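Below is one structure, written out as structure tokens; the observations come after it.
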Amino acid sequence: MHPSQVFTRFLFTLLLIVSLAKNRSIAQQELNIITNGNNQWLHYTDASNALYHHLASQAYQHLEKRREKIAGLSSLSDWKERQQWIKKTLLEVAGPFPEKTPLNPKVVKVINKDSYRVEHIVYESQPAFYVTSSLYIPNGLKKRDRAPVVIYCSGHADEGYRSKVYQHVILNLVKKGFIVFAFDPVGQGERLEYFDPEKSKSSVGGPTSEHSYPGSQAFITGSSQARYMIWDGIRAVDYLLTRTEVDHSRIGITGRSGGGTQSAYIAAFDERIKAAAPECYITSFTRLLQSIGPQDAEQNFFNGISKGLDHGDLLLVRAPKPALMITTTRDMFSIQGARETAKEVSGIYKTYGEEGNFGMVEDDAPHASTKKNREAMYAFFQKHLSNPGNAADEEMAPLTESELRVTATGQVSTSLGGQTVFSLNAMETARVINASQSDKKLSGPGSLLDKAKELSGYREPGDSAEPVFSGRIQREGYAIEKYFLKGEGDYVVPYLFMVPDNPTRKSILYLHPSGKAAQASVDGEMEWFVRNGFTVLAPDLPGIGELGAGDFRGDAFIGGVSHNIWYTSILIGRSIVGVQAGDIARLVRVLGKNHKQTEIYGFARKEMTPVLLHAAAFIPAIHRVALIDHLNSYRTLVMNRSYHSPFITSAVPGALRAYDLPDLAGALAPRKLLIGGLTSGAGEKMKERNFAEKGVPASPEYILGKPEEHVEFIEEISDENFDAVFMDWIR
């Protein structure tokens, strides 16, 4: 073929591809409801952020109630009562902590320098849960001397406390006569839990992902990443009390960024810490939600906001012990929130008559360590830990990489093995599931449905507003009508309503993780149901389609999914599933009331199957259910070390305390249930044929009622068997 002919053919093919892509884009745009060219609804153009705004608005309501309570405190007895409440509530949202077990500390290496020595230590905060740490001891301490100690918590640096910035602070404190104890946070330094030896880095991402990946699983169990990290710090104090060099009455703690989080947390839980100076963390939840949003799993307590907690409570609970907030004006953590919290906290110190024990320093800088702030911190510890001296920040000769290494290989996983947050949480999950089995019942007070509603945060809808009609697209044999309906909050739920020319009273509620338009094309799945006499309602629920892919991604955007937006729901005691199920209930009512449908079936794919399962369990008006590529259980999501991240937003925090997806499936009996392809938490197709192992209904109703009459299992739904399977399902 002549070169010119080759080029002409290539150009023609390229133009064809571009044309097809453009046509698909136009077709997709045509199915939009809120943003559809000239038909745009300007009032709802921020629809993609609807889920975040809705969750945040509920948080603000909780926080306003808390603000009113704080404003009403005046006497010292009022404040002391608040402190007791904070202690109790903190334990509820972070605990219960495990029992104290032998630390089994080992000094694995000693580095001697001119003015100090470093002891590298490995201790076990829980059995075989190894913590790498270093104790910096100034030279010249006599055997009977007991010196003040500062615990240093690392921020989100890959190398943990070995970061040059953190080493500078640590060595300055040592130069000023403080013992310093630094330990690696789990997921950082030498404690990477997803360490890939071939690439010499984490397989899930940086420190925030190392925290959030297992932390998300802990939330499903009803625990938290914070629980494990706080316990490491409490056991660090336990270790320090075994050292003869340490004055037990002069223990301080500090750290910046993620270290600010840890130092604030640990000090709030451990009364043995006399002075705390969290840096570049403390703000307020209101300002956090208004600005950057909730951060990685470490920084979120289970149902923290709904229980009435805010950042200020981490300091209030310690009063009148010395505390210093270290801040910067251009920090990502709102300086306005920090100032407001400092004003609130100063009130309790004033009431105690100990105003001098609390302060806030700020410097004009971004999220960073500054000379002014470091010197303020040195002076704070010198004063309150009774160790006077020069507070000037000095240049210090850093230790080398090999001098700072604790384990032989530089990683616990390859040197010592042991437990991880994942493995510890998996054991906890097994205990939780075993304990909940005897409490499961399908009816009466405290039934698993009641517990599922409570844990998911499902809210029974009130009277629904009338749907708004927004246009029609005519196709051969049917029409696509476009509507939107007011959702649970200040947003609308857009939906497509596909009506055959000769409609019946039967309808399909169709849910797809990619949104309402995913299978709305000619010859798409929805059209198949229309051609078989069904009307089809396909919505975009909050978080998907036109109501998804908003601006908030967060620092735990893993596998294409924002774990952070899910954490927002956890903070307010709800779940994304619960919100979506409530909107499904509204749509079911609209199908009956406005669209005159008398028989409603539910169809969902992949990540939307847990949502439909919850909705159908709560809403008897959904007569039949089809779950395609269905997540078989929350248990497998928690028990797989490597899990399918997109399933996270389909999970209900704390669900495993009371129920799992198979229990909800059992609660559908005797309604007809089709499960077409089971998927494990790892995202793998499940091939098991044993009824009990599939994670399918095990309720008395299904077992006694011959489950095969009500439940059909198809190993996989494909183009080849779709017609036959669904013709049988709709009969």
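Scheme for the structure tokens: letters A, B, ... for chains in order shown; per-chain residue numbers from 1; ligand numbers from 1 in order shown.
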
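Residues with any atom within 12 Å of Thr409 in chain A, counting only C-alpha atoms and excluding same-chain neighbours fewer than 2 positions away, are Gly189, Glu190, Arg191, Phe195, Pro197, Ser200, Ser402, Arg405, Val406, Thr407, Gln411, Val412, Ser413, Thr414, Ser415, Leu416 and Gly417 of chain A.
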
Could you tell me, as JSON, numbers by chain, which residues of range 522-697 of chain A DSSP assigns to strand (DSSP E or B) when given the backbone? {"A": [535, 536, 537, 538, 539, 557, 558, 561, 562, 599, 600, 601, 602, 603, 604, 605, 622, 623, 624, 625, 626, 627, 628, 629, 630, 631, 672, 673, 674, 675, 676, 677, 678, 679, 685]}

Residue nearest Leu668 in chain A among A:Leu587, A:Leu631, A:Met686, A:Leu449 (counting only C-alpha atoms):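 Of all the options, A:Leu449 lies closest to Leu668 in chain A.
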
Neighbours of Asp296 in chain A within 12 Å (only C-alpha atoms; same-chain residues fewer than 6 positions away dropped), as a PyMOL selection string? chain A and resi 156+206-216+224-226+257-258+261+553-558+562-568
